[in-house]
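What follows is a set of notes on a single structure, which appears directly below.
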Amino acid sequence: MDRLTGLTAFVRTADLGSFVAAGRVLGLSPSAVGKAVTRLESQLGVRLFQRSTRSLRLTEEGRTFHERCRHILDDLDDAQETLLMTRETPRGRVRVSAPIVAYHLLLPVLAEFLSLYPEIELDLDFTDRIVDLIEEGVDVAIRSGQLPDSRIMVRALRPFQLLLCASPAYLERQGTPKCPRDLCGDHIGIGFRYPNSGKVQDWPLILPAGEKEVRVRHILTCNNMEALRGAVLRGLGIGCMPDFLAAASLKTGELVPLLVDHLDAPGQFNLIWPSSRHLSPKVRVFVDFISTRLFSSECQLPPVTPNP
């Protein structure tokens, strides 16, 4: 603890330029500050200040040491503040951005969260647009695909799988494809256009070596996955959607999975939030809760049956 006192006295003196000013900040006499710095110099075996009757200047060694000590004391202050923050009651608004389809995963767990933290208000923005968390003041986001820059912290959530699906009425009318090449015939696709890039989603088909890509005739393309599912349920065509979006309809038989053995499309949701020196209690408890409830080490696919 004596060394910490010396470090604090040294840094404050270097910051403020005198033992007198440092003493006022630390609640010590100038002589006590000076003695603490002298003891530190003795322990280190190096002079940190050039002293005269009129000035106090850092030596070259003192400048280098000051930079390192400043970081050490900042980290110590951060640790202490973080510990104090854990004793606060999480309260206030938490702004959350998530893809539209993510409400299937998020909403079922929010009642428990709000009961645990009744003083938190959630402001949910479901959008497929990639928002700038820092510029738009978003606290936390759920996102899949490419991760953002180093200003962002990331925690992995639920993996998922893309599935090709069609309605029984569509399959009765157009037939059931047995291999990817069958899609080039009379089959019709419902396409998904990524809102940010404008690119139409490629179907994740595994093709035999040497075969070119399969092109399916699209009669409808939209930038909303819920609308895509609606079109597929109405028998308009075949669509590619996340497993959790199709799960309920697969169980009821409203949708039928296609070409299960010819697909390779793992995906990953991540929880992201702006990197900062202090994570507020309200954001910290939301991050910890969602990470626990939506984390899975492997993709849990809904039960499917092979194509007849």
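Labels used: A, B, ... for chains in the order of the structure tokens, numbers from 1 for residues in each chain, and numbers from 1 for ligands as shown.
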
Report task. Once DSSP has gone over the backbone, tell me which residues of segment 134-235 of chain A are in helix (DSSP H, G or I), as a list in words. Result ->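 Residues of segment 134-235 of chain A classed as helix (DSSP H, G or I): Ile134, Glu135, Glu136, Pro168, Ala169, Tyr170, Leu171, Glu172, Arg173, Gln174, Pro180, Arg181, Asp182, Leu183, Cys184, Met225, Glu226, Ala227, Leu228, Arg229, Gly230, Ala231, Val232 and Leu233 of chain A.
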
Hey, could you make a per-residue contact list for segment 117-207 of chain A against segment 232-252 of chain A with 8 Å as the cut-off, showing the nearest pair of atoms and its distance in Å to one decimal, counting only C-alpha atoms, sorted by chain and number, as CSV?
residue,atom,partner,partner_atom,distance
A:Phe160,CA,A:Asp243,CA,6.3
A:Gln161,CA,A:Asp243,CA,5.5
A:Leu162,CA,A:Pro242,CA,4.4
A:Leu163,CA,A:Cys240,CA,5.4
A:Leu164,CA,A:Cys240,CA,4.5
A:Cys165,CA,A:Gly239,CA,5.5
A:Ala166,CA,A:Ile238,CA,4.8
A:Ser167,CA,A:Gly235,CA,5.4
A:Pro168,CA,A:Gly235,CA,7.7
A:Ala169,CA,A:Gly235,CA,5.9
A:Tyr170,CA,A:Gly235,CA,4.7
A:His187,CA,A:Gly237,CA,7.4
A:Ile188,CA,A:Gly237,CA,5.0
A:Gly189,CA,A:Ile238,CA,4.8
A:Ile190,CA,A:Gly239,CA,5.0
A:Gly191,CA,A:Gly239,CA,6.7
A:Phe192,CA,A:Cys240,CA,8.0
A:Trp203,CA,A:Cys240,CA,6.7

Query raised in the report: Can you tell me how far atom CA of Arg3 of chain A sits from atom CA of Phe49 of chain A, in Å to one decimal?
Result: 17.0 Å

Report task. Using only C-alpha atoms, find the one residue out of A:Glu136, A:Asp77, A:Glu121, A:Asp264 that sits nearest to Pro90 of chain A. Result -> A:Glu121

Report task. Could you check which of A:Arg54, A:Lys282, A:Arg70, A:Arg181 is closest to Leu122 of chain A, using only C-alpha atoms? Result ->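 Nearest candidate to Leu122 of chain A out of A:Arg54, A:Lys282, A:Arg70, A:Arg181: A:Lys282.
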